[in-house]
2 protein chains.
Amino acid sequence: MIIIGEKISVIAKKVREAMNARDPKPIQELADVQWKAGAHFIDVNIGPAEEKGEDLMKWMVESIQAKVHAPLCLDTTNSSALEAGLKAHNNQWGRALINSTSNDPERFVMLELAAKHNAQIIALTVGKGGLPADAEERCAIAADMMGRAAEYGVPLEDMFLDPLILQVCTTQDQAMHSIKAIKMFQELNDPPMKTVVGLSNISNGVPKQMRGLIDRVYLTLLMYEGLTAAIMNPLDKELMDTLKTTDVFLGKTLYAHSYLEM
Amino acid sequence: MIIIGEKISVIAKKVREAMNARDPKPIQELADVQWKAGAHFIDVNIGPAEEKGEDLMKWMVESIQAKVHAPLCLDTTNSSALEAGLKAHNNQWGRALINSTSNDPERFVMLELAAKHNAQIIALTVGKGGLPADAEERCAIAADMMGRAAEYGVPLEDMFLDPLILQVCTTQDQAMHSIKAIKMFQELNDPPMKTVVGLSNISNGVPKQMRGLIDRVYLTLLMYEGLTAAIMNPLDKELMDTLKTTDVFLGKTLYAHSYLEM
């Protein structure tokens with residue numbers, strides 16, 4: 001399982017303040033602890049960043065990679081900011097991941113940038129028409145986007161299909177549709193398509209003390225159906241322990257009494 | 001999910017002492033707390049009970065059902081003791097469950113007793129030839145036992161197929177074979193065959209502090225493939241919370257912020 005550490009986000013006050021003050025320390029520390037906890041990518045969510053987005057993303061990428069030798073997942077709807085980040089990204093530590101394109105023509109520019117800068121890309125299976133109704137609709141959108149990727153010169157092995165996780169508390173049946181979509185996405189190509197989710201979306205709106213439990217159980221089910229990657233919190237030890245235990249059952253980790261410490 | 005509360009077992013010192021002293025209190029209390037925690041059956045494991053087994057099982061059944069109006073899962077290899085328990089069992093609170101028969105001819109007497117006393121039965125998919133190698137072998141044994149049940153007059157809807165859970169720490173690949181067997185068992189009949197596991201077997205031999213985690217993740221995977229029942233500890237709140245959360249994802253419980261309290 002590829003873990004994309006989610007903690008560097010404009011939503012967090014501490015991160016937002018550090019961004020505004022261009023203070024690299026808190027951001028570098030968050031990158032470092034996630035990396036040490038097992039993250040394979042560090043997500044860098046600067047939000048829409050309409051003002052000075054280019055400068056901000058460039059600074060974020062350089063600051064983080066000065067501290068942590070990891071590839072980054074660049075998370076913004078501002079395509080100029082994204083491109084500035086891609087240019088600054090040090091591919092020596094792995095190729096960048098773009099978060100995200102969708103089936104909305106306004107987002108196709110992200111595919112162009114992926115091809116131009118040799119980056120990988122997350123493709124949310126949602127179009128202009130609103131939320132997908134079920135796994136089949138997610139697959140139809142995915143197939144569309146795979147065609148679009150080819151058009152833009154993005155190889156399918158560089159694309160992570162995202163079924164769009166919705167909150168279980170208001171759209172309960174969508175939770176199972178997304179699990180089924182993870183299974184079905186893989187069958188859209190050979191070798192199988194890669195998949196990704198924004199895990200904590202499942203527990204949005206749920207009382208805080210129940211969120212961890214809901215995320216853990218859902219992650220186990222997604223992994224069972226073959227999930228490739230998750231944007232998640234690698235600092236949540238219970239979540240990481242669940243991930244490692246699921247990998248034991250899936251035969252991806254050899255059991256040893258010490259497997260939780262690895 | 002049908003929960004079979006596992007706490008009344010000869011393996012527990014407190015239970016063994018109460019059995020020997022014919023002191024109903026500790027046993028009744030254990031039955032009561034499991035019942036209140038959500039158990040649908042109370043397992044009564046008196047072990048081989050070679051001496052005075054009949055008297056012991058009769059006393060256990062009467063003592064427990066005097067306190068708790070639940071059906072019991074009678075767990076002994078002693079067929080006379082089993083029959084004494086079946087005779088004493090009050091079917092007003094639900095039909096008894098026999099734990100268990102297997103494909104070993106010495107255990108076929110349990111099928112005879114199930115038919116005679118209108119009880120349900122757990123069928124372990126293991127024969128004289130040793131442990132099953134994979135899901136397919138478990139299915140072959142299950143099919144054999146379904147034929148045997150028909151021979152003895154036990155309806156298939158009264159049979160719970162048990163894939164035999166082995167400990168993950170020494171036989172890691174068997175964990176997935178048993179999950180697959182749960183899925184395949186259901187396809188052996190229409191309506192689908194019922195299934196059951198002895199859950200905590202999965203974490204036998206694992207360091208104590210990791211057992212709960214392993215049981216929880218495994219239960220989620222088994223439930224995802226359609227498990228009907230589990231012999232488990234309903235007093236383990238984290239395990240019960242995991243079960244309830246899995247039921248939300250499977251659409252068997254409607255999400256409400258209070259679903260963990262139900």
# chains A, B, ... in the order shown; residues from 1 in each chain; ligands from 1
>>> interface_residues(of="chain B", to="chain A", cutoff="10 Å", atoms="only C-alpha atoms", output="ChimeraX atom specification")
/B:168-176,179,205-207,210,213-218,220-221,224,238,241-243,245-246,248-251,253-258,260
>>> residues_around(residues="Met240 (chain A)", least_positions_apart="3", cutoff="12 Å", atoms="only C-alpha atoms", output="count of residues only")
31
>>> residues_around(residues="region 82-88 of chain A", least_positions_apart="2", cutoff="6 Å", atoms="only C-alpha atoms", output="mmCIF file with all heavy atoms, in the first residue's frame")
data_model
loop_
_atom_site.group_PDB
_atom_site.id
_atom_site.type_symbol
_atom_site.label_atom_id
_atom_site.label_comp_id
_atom_site.auth_asym_id
_atom_site.auth_seq_id
_atom_site.Cartn_x
_atom_site.Cartn_y
_atom_site.Cartn_z
ATOM 1 N N GLU A 54 1.776 30.507 -7.215
ATOM 2 C CA GLU A 54 2.991 29.949 -7.818
ATOM 3 C C GLU A 54 4.158 30.028 -6.845
ATOM 4 O O GLU A 54 4.885 29.051 -6.622
ATOM 5 C CB GLU A 54 3.335 30.702 -9.108
ATOM 6 C CG GLU A 54 2.275 30.495 -10.176
ATOM 7 C CD GLU A 54 2.410 31.489 -11.328
ATOM 8 O OE1 GLU A 54 3.552 31.691 -11.786
ATOM 9 O OE2 GLU A 54 1.379 32.048 -11.755
ATOM 10 N N MET A 57 3.588 27.516 -3.842
ATOM 11 C CA MET A 57 3.820 26.098 -4.109
ATOM 12 C C MET A 57 5.303 25.819 -4.319
ATOM 13 O O MET A 57 5.816 24.804 -3.838
ATOM 14 C CB MET A 57 2.994 25.635 -5.323
ATOM 15 C CG MET A 57 3.036 24.134 -5.568
ATOM 16 S SD MET A 57 2.422 23.106 -4.184
ATOM 17 C CE MET A 57 0.813 22.587 -4.825
ATOM 18 N N LYS A 58 5.972 26.717 -5.037
ATOM 19 C CA LYS A 58 7.402 26.549 -5.252
ATOM 20 C C LYS A 58 8.139 26.507 -3.905
ATOM 21 O O LYS A 58 8.967 25.634 -3.640
ATOM 22 C CB LYS A 58 7.925 27.715 -6.106
ATOM 23 C CG LYS A 58 9.415 27.672 -6.421
ATOM 24 C CD LYS A 58 9.786 28.803 -7.392
ATOM 25 C CE LYS A 58 11.252 28.755 -7.806
ATOM 26 N NZ LYS A 58 12.167 29.183 -6.732
ATOM 27 N N SER A 79 -3.748 25.798 -11.527
ATOM 28 C CA SER A 79 -2.835 25.083 -12.415
ATOM 29 C C SER A 79 -1.482 25.786 -12.572
ATOM 30 O O SER A 79 -0.465 25.118 -12.792
ATOM 31 C CB SER A 79 -3.472 24.831 -13.787
ATOM 32 O OG SER A 79 -3.884 26.044 -14.350
ATOM 33 N N SER A 80 -1.454 27.099 -12.437
ATOM 34 C CA SER A 80 -0.147 27.779 -12.501
ATOM 35 C C SER A 80 0.671 27.426 -11.263
ATOM 36 O O SER A 80 1.889 27.203 -11.351
ATOM 37 C CB SER A 80 -0.283 29.292 -12.556
ATOM 38 O OG SER A 80 -1.404 29.673 -13.280
#
>>> select_by_dssp(residues="region 12-249 of chain B", states="strand (DSSP E or B)", output="tab-separated table (two decimals) with N, CA, C and O atoms, in the first residue's frame")
chain	number	residue	atom	x	y	z
B	41	PHE	N	-26.44	-16.43	21.04
B	41	PHE	CA	-26.31	-17.75	21.67
B	41	PHE	C	-25.26	-17.64	22.77
B	41	PHE	O	-24.32	-16.84	22.66
B	42	ILE	N	-25.40	-18.48	23.78
B	42	ILE	CA	-24.35	-18.59	24.80
B	42	ILE	C	-23.68	-19.95	24.60
B	42	ILE	O	-24.35	-20.99	24.69
B	43	ASP	N	-22.38	-19.93	24.32
B	43	ASP	CA	-21.65	-21.18	24.18
B	43	ASP	C	-21.41	-21.78	25.57
B	43	ASP	O	-21.11	-21.05	26.52
B	44	VAL	N	-21.59	-23.10	25.66
B	44	VAL	CA	-21.38	-23.80	26.92
B	44	VAL	C	-20.35	-24.89	26.66
B	44	VAL	O	-20.67	-25.98	26.18
B	45	ASN	N	-19.11	-24.55	26.94
B	45	ASN	CA	-18.01	-25.47	26.64
B	45	ASN	C	-17.56	-26.17	27.91
B	45	ASN	O	-16.87	-25.60	28.74
B	72	LEU	N	-28.73	-21.97	23.62
B	72	LEU	CA	-27.34	-22.29	23.97
B	72	LEU	C	-26.64	-23.04	22.84
B	72	LEU	O	-27.29	-23.72	22.02
B	73	CYS	N	-25.34	-22.89	22.82
B	73	CYS	CA	-24.50	-23.60	21.87
B	73	CYS	C	-23.73	-24.62	22.70
B	73	CYS	O	-22.87	-24.25	23.50
B	74	LEU	N	-24.06	-25.89	22.55
B	74	LEU	CA	-23.54	-26.93	23.44
B	74	LEU	C	-22.25	-27.50	22.86
B	74	LEU	O	-22.24	-28.06	21.76
B	75	ASP	N	-21.21	-27.37	23.66
B	75	ASP	CA	-19.85	-27.56	23.15
B	75	ASP	C	-19.14	-28.63	23.96
B	75	ASP	O	-18.56	-28.36	25.02
B	97	LEU	N	-27.83	-25.15	19.50
B	97	LEU	CA	-26.84	-25.32	18.44
B	97	LEU	C	-25.79	-26.29	18.97
B	97	LEU	O	-25.32	-26.14	20.11
B	98	ILE	N	-25.44	-27.30	18.17
B	98	ILE	CA	-24.44	-28.30	18.60
B	98	ILE	C	-23.08	-27.91	18.04
B	98	ILE	O	-22.93	-27.67	16.85
B	99	ASN	N	-22.08	-27.88	18.89
B	99	ASN	CA	-20.71	-27.50	18.53
B	99	ASN	C	-19.79	-28.64	18.91
B	99	ASN	O	-19.40	-28.74	20.06
B	100	SER	N	-19.44	-29.55	17.99
B	100	SER	CA	-19.70	-29.54	16.58
B	100	SER	C	-19.54	-30.95	16.02
B	100	SER	O	-18.99	-31.82	16.68
B	101	THR	N	-19.99	-31.13	14.79
B	101	THR	CA	-19.68	-32.37	14.07
B	101	THR	C	-18.52	-32.08	13.12
B	101	THR	O	-18.08	-30.94	12.99
B	102	SER	N	-18.02	-33.10	12.47
B	102	SER	CA	-16.97	-32.92	11.45
B	102	SER	C	-17.13	-34.06	10.45
B	102	SER	O	-18.13	-34.78	10.50
B	103	ASN	N	-16.16	-34.22	9.57
B	103	ASN	CA	-16.27	-35.31	8.61
B	103	ASN	C	-15.59	-36.58	9.12
B	103	ASN	O	-15.29	-37.48	8.35
B	120	GLN	N	-29.81	-27.27	15.82
B	120	GLN	CA	-28.96	-26.85	14.72
B	120	GLN	C	-27.54	-27.37	14.99
B	120	GLN	O	-27.23	-27.75	16.11
B	121	ILE	N	-26.69	-27.33	13.97
B	121	ILE	CA	-25.37	-27.95	14.16
B	121	ILE	C	-24.27	-27.21	13.42
B	121	ILE	O	-24.48	-26.72	12.30
B	122	ILE	N	-23.13	-27.11	14.07
B	122	ILE	CA	-21.92	-26.57	13.44
B	122	ILE	C	-21.16	-27.75	12.82
B	122	ILE	O	-20.97	-28.77	13.47
B	123	ALA	N	-20.77	-27.60	11.56
B	123	ALA	CA	-20.03	-28.65	10.86
B	123	ALA	C	-18.64	-28.13	10.49
B	123	ALA	O	-18.49	-27.30	9.60
B	124	LEU	N	-17.66	-28.61	11.23
B	124	LEU	CA	-16.26	-28.25	10.96
B	124	LEU	C	-15.80	-28.97	9.71
B	124	LEU	O	-15.92	-30.20	9.63
B	125	THR	N	-15.25	-28.23	8.75
B	125	THR	CA	-14.84	-28.88	7.50
B	125	THR	C	-13.44	-29.47	7.66
B	125	THR	O	-12.47	-29.02	7.06
B	126	VAL	N	-13.40	-30.51	8.46
B	126	VAL	CA	-12.16	-31.23	8.68
B	126	VAL	C	-12.54	-32.71	8.80
B	126	VAL	O	-13.62	-33.03	9.32
B	127	GLY	N	-11.71	-33.57	8.24
B	127	GLY	CA	-12.02	-34.99	8.29
B	127	GLY	C	-10.97	-35.73	9.08
B	127	GLY	O	-10.21	-35.13	9.84
B	130	GLY	N	-6.74	-35.06	8.45
B	130	GLY	CA	-5.92	-33.92	8.87
B	130	GLY	C	-6.50	-32.61	8.39
B	130	GLY	O	-7.64	-32.56	7.90
B	159	MET	N	-27.64	-26.18	9.37
B	159	MET	CA	-26.20	-26.48	9.42
B	159	MET	C	-25.39	-25.21	9.20
B	159	MET	O	-25.64	-24.45	8.28
B	160	PHE	N	-24.42	-24.98	10.07
B	160	PHE	CA	-23.48	-23.87	9.94
B	160	PHE	C	-22.12	-24.46	9.57
B	160	PHE	O	-21.52	-25.19	10.37
B	161	LEU	N	-21.64	-24.16	8.37
B	161	LEU	CA	-20.33	-24.66	7.94
B	161	LEU	C	-19.22	-23.82	8.55
B	161	LEU	O	-19.26	-22.59	8.50
B	162	ASP	N	-18.23	-24.49	9.11
B	162	ASP	CA	-17.10	-23.82	9.79
B	162	ASP	C	-15.81	-24.18	9.05
B	162	ASP	O	-15.43	-25.35	8.99
B	194	LYS	N	-25.32	-21.44	5.65
B	194	LYS	CA	-24.87	-20.58	6.76
B	194	LYS	C	-23.43	-20.94	7.13
B	194	LYS	O	-22.99	-22.07	6.92
B	195	THR	N	-22.74	-19.96	7.70
B	195	THR	CA	-21.33	-20.16	8.03
B	195	THR	C	-21.03	-19.66	9.45
B	195	THR	O	-21.74	-18.80	9.97
B	196	VAL	N	-19.98	-20.20	10.03
B	196	VAL	CA	-19.59	-19.81	11.39
B	196	VAL	C	-18.09	-19.98	11.53
B	196	VAL	O	-17.47	-20.78	10.81
B	197	VAL	N	-17.49	-19.19	12.41
B	197	VAL	CA	-16.07	-19.38	12.74
B	197	VAL	C	-15.87	-19.29	14.25
B	197	VAL	O	-16.66	-18.64	14.95
B	198	GLY	N	-14.81	-19.91	14.71
B	198	GLY	CA	-14.30	-19.66	16.07
B	198	GLY	C	-13.24	-18.58	15.91
B	198	GLY	O	-12.10	-18.85	15.57
B	229	ALA	N	-22.21	-16.22	11.34
B	229	ALA	CA	-22.13	-16.29	12.81
B	229	ALA	C	-20.68	-16.40	13.25
B	229	ALA	O	-19.83	-16.90	12.50
B	230	ALA	N	-20.39	-15.93	14.47
B	230	ALA	CA	-19.05	-16.09	15.02
B	230	ALA	C	-19.11	-16.44	16.49
B	230	ALA	O	-19.91	-15.85	17.24
B	231	ILE	N	-18.30	-17.40	16.88
B	231	ILE	CA	-18.07	-17.67	18.30
B	231	ILE	C	-17.00	-16.68	18.70
B	231	ILE	O	-15.89	-16.70	18.17
B	232	MET	N	-17.35	-15.76	19.60
B	232	MET	CA	-16.46	-14.63	19.89
B	232	MET	C	-16.79	-14.05	21.26
B	232	MET	O	-17.71	-14.50	21.93
>>> residues_around(residues="Ala115 (chain A)", least_positions_apart="4", cutoff="7 Å", atoms="only C-alpha atoms", output="PDB file with all heavy atoms, in the first residue's frame")
ATOM      1  N   LEU A 111      -3.862  17.074 -16.860  1.00  0.00           N
ATOM      2  CA  LEU A 111      -3.311  15.984 -17.670  1.00  0.00           C
ATOM      3  C   LEU A 111      -2.165  16.504 -18.529  1.00  0.00           C
ATOM      4  O   LEU A 111      -1.126  15.841 -18.689  1.00  0.00           O
ATOM      5  CB  LEU A 111      -4.405  15.394 -18.568  1.00  0.00           C
ATOM      6  CG  LEU A 111      -5.440  14.509 -17.871  1.00  0.00           C
ATOM      7  CD1 LEU A 111      -6.622  14.251 -18.801  1.00  0.00           C
ATOM      8  CD2 LEU A 111      -4.816  13.187 -17.428  1.00  0.00           C
ATOM      9  N   ALA A 119       4.890  13.654 -14.597  1.00  0.00           N
ATOM     10  CA  ALA A 119       4.329  13.397 -13.266  1.00  0.00           C
ATOM     11  C   ALA A 119       3.237  12.330 -13.353  1.00  0.00           C
ATOM     12  O   ALA A 119       2.714  12.046 -14.435  1.00  0.00           O
ATOM     13  CB  ALA A 119       3.752  14.685 -12.682  1.00  0.00           C
ATOM     14  N   TYR A 152      -3.798  12.940 -24.057  1.00  0.00           N
ATOM     15  CA  TYR A 152      -2.841  13.934 -23.558  1.00  0.00           C
ATOM     16  C   TYR A 152      -1.431  13.364 -23.392  1.00  0.00           C
ATOM     17  O   TYR A 152      -0.540  14.080 -22.944  1.00  0.00           O
ATOM     18  CB  TYR A 152      -3.315  14.521 -22.226  1.00  0.00           C
ATOM     19  CG  TYR A 152      -4.376  15.594 -22.382  1.00  0.00           C
ATOM     20  CD1 TYR A 152      -5.721  15.275 -22.451  1.00  0.00           C
ATOM     21  CD2 TYR A 152      -4.017  16.941 -22.486  1.00  0.00           C
ATOM     22  CE1 TYR A 152      -6.701  16.252 -22.603  1.00  0.00           C
ATOM     23  CE2 TYR A 152      -4.975  17.931 -22.638  1.00  0.00           C
ATOM     24  CZ  TYR A 152      -6.312  17.578 -22.694  1.00  0.00           C
ATOM     25  OH  TYR A 152      -7.273  18.558 -22.855  1.00  0.00           O
ATOM     26  N   GLY A 153      -1.280  12.087 -23.693  1.00  0.00           N
ATOM     27  CA  GLY A 153       0.053  11.490 -23.580  1.00  0.00           C
ATOM     28  C   GLY A 153       0.438  11.098 -22.165  1.00  0.00           C
ATOM     29  O   GLY A 153       1.632  11.022 -21.839  1.00  0.00           O
ATOM     30  N   VAL A 154      -0.551  10.822 -21.329  1.00  0.00           N
ATOM     31  CA  VAL A 154      -0.261  10.322 -19.976  1.00  0.00           C
ATOM     32  C   VAL A 154      -0.437   8.800 -19.982  1.00  0.00           C
ATOM     33  O   VAL A 154      -1.533   8.310 -20.242  1.00  0.00           O
ATOM     34  CB  VAL A 154      -1.212  10.946 -18.921  1.00  0.00           C
ATOM     35  CG1 VAL A 154      -0.972  10.332 -17.554  1.00  0.00           C
ATOM     36  CG2 VAL A 154      -1.035  12.456 -18.879  1.00  0.00           C
TER      37      VAL A 154
END
>>> residues_around(residues="Met193 (chain A)", least_positions_apart="4", cutoff="10 Å", atoms="only C-alpha atoms", output="PyMOL selection string")
chain A and resi 142+146+156-161+182-189+228
>>> write_last_selection(atoms="N, CA, C and O atoms", output="mmCIF file, in the first residue's frame")
data_model
loop_
_atom_site.group_PDB
_atom_site.id
_atom_site.type_symbol
_atom_site.label_atom_id
_atom_site.label_comp_id
_atom_site.auth_asym_id
_atom_site.auth_seq_id
_atom_site.Cartn_x
_atom_site.Cartn_y
_atom_site.Cartn_z
ATOM 1 N N ALA A 142 -14.339 6.561 -15.405
ATOM 2 C CA ALA A 142 -12.922 6.151 -15.424
ATOM 3 C C ALA A 142 -12.490 5.821 -16.851
ATOM 4 O O ALA A 142 -11.406 6.228 -17.295
ATOM 5 N N MET A 146 -9.539 7.519 -18.961
ATOM 6 C CA MET A 146 -8.393 6.763 -19.472
ATOM 7 C C MET A 146 -8.158 7.115 -20.939
ATOM 8 O O MET A 146 -7.017 7.259 -21.390
ATOM 9 N N LEU A 156 -1.206 5.048 -18.885
ATOM 10 C CA LEU A 156 -2.191 4.584 -17.898
ATOM 11 C C LEU A 156 -1.533 4.137 -16.596
ATOM 12 O O LEU A 156 -2.145 4.204 -15.532
ATOM 13 N N GLU A 157 -0.284 3.679 -16.689
ATOM 14 C CA GLU A 157 0.381 3.247 -15.436
ATOM 15 C C GLU A 157 0.759 4.433 -14.557
ATOM 16 O O GLU A 157 1.173 4.242 -13.414
ATOM 17 N N ASP A 158 0.598 5.651 -15.074
ATOM 18 C CA ASP A 158 0.855 6.846 -14.253
ATOM 19 C C ASP A 158 -0.427 7.432 -13.669
ATOM 20 O O ASP A 158 -0.413 8.506 -13.068
ATOM 21 N N MET A 159 -1.523 6.718 -13.861
ATOM 22 C CA MET A 159 -2.823 7.249 -13.433
ATOM 23 C C MET A 159 -3.370 6.429 -12.258
ATOM 24 O O MET A 159 -3.385 5.202 -12.299
ATOM 25 N N PHE A 160 -3.788 7.128 -11.224
ATOM 26 C CA PHE A 160 -4.446 6.497 -10.068
ATOM 27 C C PHE A 160 -5.923 6.873 -10.105
ATOM 28 O O PHE A 160 -6.260 8.053 -9.954
ATOM 29 N N LEU A 161 -6.793 5.887 -10.298
ATOM 30 C CA LEU A 161 -8.231 6.171 -10.324
ATOM 31 C C LEU A 161 -8.769 6.297 -8.900
ATOM 32 O O LEU A 161 -8.507 5.456 -8.040
ATOM 33 N N ILE A 182 -13.331 0.142 -6.616
ATOM 34 C CA ILE A 182 -11.902 -0.183 -6.501
ATOM 35 C C ILE A 182 -11.617 -1.522 -7.186
ATOM 36 O O ILE A 182 -10.634 -1.673 -7.917
ATOM 37 N N LYS A 183 -12.478 -2.476 -6.972
ATOM 38 C CA LYS A 183 -12.313 -3.786 -7.603
ATOM 39 C C LYS A 183 -12.473 -3.667 -9.129
ATOM 40 O O LYS A 183 -11.665 -4.180 -9.897
ATOM 41 N N MET A 184 -13.510 -2.971 -9.546
ATOM 42 C CA MET A 184 -13.825 -2.896 -10.975
ATOM 43 C C MET A 184 -12.803 -2.054 -11.749
ATOM 44 O O MET A 184 -12.496 -2.356 -12.908
ATOM 45 N N PHE A 185 -12.290 -0.997 -11.147
ATOM 46 C CA PHE A 185 -11.282 -0.149 -11.810
ATOM 47 C C PHE A 185 -10.105 -0.999 -12.286
ATOM 48 O O PHE A 185 -9.578 -0.799 -13.383
ATOM 49 N N GLN A 186 -9.681 -1.914 -11.448
ATOM 50 C CA GLN A 186 -8.497 -2.716 -11.772
ATOM 51 C C GLN A 186 -8.707 -3.525 -13.043
ATOM 52 O O GLN A 186 -7.774 -3.818 -13.770
ATOM 53 N N GLU A 187 -9.968 -3.889 -13.268
ATOM 54 C CA GLU A 187 -10.280 -4.730 -14.426
ATOM 55 C C GLU A 187 -10.372 -3.929 -15.721
ATOM 56 O O GLU A 187 -10.567 -4.498 -16.797
ATOM 57 N N LEU A 188 -10.222 -2.620 -15.643
ATOM 58 C CA LEU A 188 -10.340 -1.783 -16.844
ATOM 59 C C LEU A 188 -9.081 -1.836 -17.715
ATOM 60 O O LEU A 188 -9.082 -1.314 -18.825
ATOM 61 N N ASN A 189 -8.034 -2.420 -17.200
ATOM 62 C CA ASN A 189 -6.798 -2.493 -17.993
ATOM 63 C C ASN A 189 -5.979 -3.704 -17.542
ATOM 64 O O ASN A 189 -6.222 -4.277 -16.491
ATOM 65 N N THR A 228 -4.560 0.485 -4.202
ATOM 66 C CA THR A 228 -3.120 0.707 -4.374
ATOM 67 C C THR A 228 -2.568 1.742 -3.402
ATOM 68 O O THR A 228 -1.435 1.597 -2.927
#
>>> residues_around(residues="Leu131 (chain A)", least_positions_apart="6", cutoff="10 Å", atoms="only C-alpha atoms", output="JSON, numbers by chain")
{"A": [125, 137, 138, 164, 166]}
>>> write_last_selection(atoms="C-alpha atoms", output="mmCIF file, in the first residue's frame")
data_model
loop_
_atom_site.group_PDB
_atom_site.id
_atom_site.type_symbol
_atom_site.label_atom_id
_atom_site.label_comp_id
_atom_site.auth_asym_id
_atom_site.auth_seq_id
_atom_site.Cartn_x
_atom_site.Cartn_y
_atom_site.Cartn_z
ATOM 1 C CA THR A 125 -14.146 9.708 -11.272
ATOM 2 C CA GLU A 137 -21.046 5.038 -13.273
ATOM 3 C CA ARG A 138 -17.624 5.470 -11.653
ATOM 4 C CA LEU A 164 -14.468 9.638 -4.756
ATOM 5 C CA LEU A 166 -18.325 10.258 0.182
#
>>> select_by_dssp(residues="region 128-247 of chain B", states="helix (DSSP H, G or I)", output="VMD selection string")
chain B and resid 135 to 152 156 to 158 172 to 186 199 to 203 208 to 224 237 to 247
>>> write_last_selection(atoms="C-alpha atoms", output="compact mmCIF listing (two decimals), in the first residue's frame")
# COMPACT_ATOMS: atom_id res chain seq x y z
CA ALA B 135 -10.63 -23.27 0.37
CA GLU B 136 -11.34 -25.88 -2.30
CA GLU B 137 -10.60 -28.77 0.05
CA ARG B 138 -12.80 -27.15 2.68
CA CYS B 139 -15.61 -27.01 0.11
CA ALA B 140 -15.14 -30.65 -0.87
CA ILE B 141 -15.41 -31.66 2.79
CA ALA B 142 -18.42 -29.35 3.23
CA ALA B 143 -20.19 -30.98 0.29
CA ASP B 144 -19.53 -34.40 1.81
CA MET B 145 -20.98 -33.27 5.12
CA MET B 146 -24.03 -31.75 3.51
CA GLY B 147 -24.74 -35.16 1.98
CA ARG B 148 -24.20 -36.76 5.36
CA ALA B 149 -26.60 -34.30 7.01
CA ALA B 150 -29.32 -35.19 4.52
CA GLU B 151 -28.70 -38.86 5.29
CA TYR B 152 -29.25 -38.23 9.00
CA LEU B 156 -29.25 -27.88 5.39
CA GLU B 157 -30.69 -24.66 6.81
CA ASP B 158 -29.89 -26.03 10.27
CA GLN B 172 -0.50 -17.41 7.56
CA ASP B 173 -1.85 -18.44 4.16
CA GLN B 174 -4.70 -20.39 5.76
CA ALA B 175 -6.24 -17.10 6.93
CA MET B 176 -7.12 -16.16 3.35
CA HIS B 177 -8.16 -19.73 2.46
CA SER B 178 -10.72 -19.58 5.27
CA ILE B 179 -12.06 -16.20 4.10
CA LYS B 180 -12.45 -17.57 0.58
CA ALA B 181 -14.12 -20.69 2.00
CA ILE B 182 -16.76 -18.50 3.71
CA LYS B 183 -17.62 -17.07 0.30
CA MET B 184 -17.57 -20.44 -1.46
CA PHE B 185 -19.59 -22.29 1.21
CA GLN B 186 -22.55 -20.01 0.57
CA LEU B 199 -12.84 -16.19 15.67
CA SER B 200 -10.13 -16.04 18.31
CA ASN B 201 -8.39 -19.08 16.85
CA ILE B 202 -6.89 -16.68 14.31
CA SER B 203 -4.80 -14.95 16.98
CA LYS B 208 -1.42 -10.95 23.89
CA GLN B 209 -1.54 -7.20 23.23
CA MET B 210 -1.93 -7.81 19.47
CA ARG B 211 -4.70 -10.40 19.63
CA GLY B 212 -7.61 -7.95 19.70
CA LEU B 213 -6.37 -6.08 16.63
CA ILE B 214 -5.89 -9.29 14.65
CA ASP B 215 -9.35 -10.57 15.63
CA ARG B 216 -10.97 -7.26 14.65
CA VAL B 217 -9.41 -7.00 11.19
CA TYR B 218 -10.12 -10.66 10.47
CA LEU B 219 -13.76 -10.36 11.55
CA THR B 220 -14.26 -7.45 9.14
CA LEU B 221 -12.91 -9.49 6.22
CA LEU B 222 -15.00 -12.56 7.10
CA MET B 223 -18.14 -10.44 7.41
CA TYR B 224 -17.43 -8.81 4.06
CA LYS B 237 -16.10 -3.54 23.13
CA GLU B 238 -13.58 -2.75 20.40
CA LEU B 239 -14.48 -6.00 18.65
CA MET B 240 -18.20 -5.28 18.94
CA ASP B 241 -17.68 -1.72 17.66
CA THR B 242 -15.79 -3.12 14.67
CA LEU B 243 -18.62 -5.57 14.00
CA LYS B 244 -21.23 -2.80 14.17
CA THR B 245 -19.17 -0.55 11.88
CA THR B 246 -18.71 -3.34 9.35
CA ASP B 247 -22.48 -3.86 9.40
>>> residues_around(residues="Ala49 (chain A)", least_positions_apart="5", cutoff="9 Å", atoms="only C-alpha atoms", output="ChimeraX atom specification")
/A:54,56-57,76-78,81
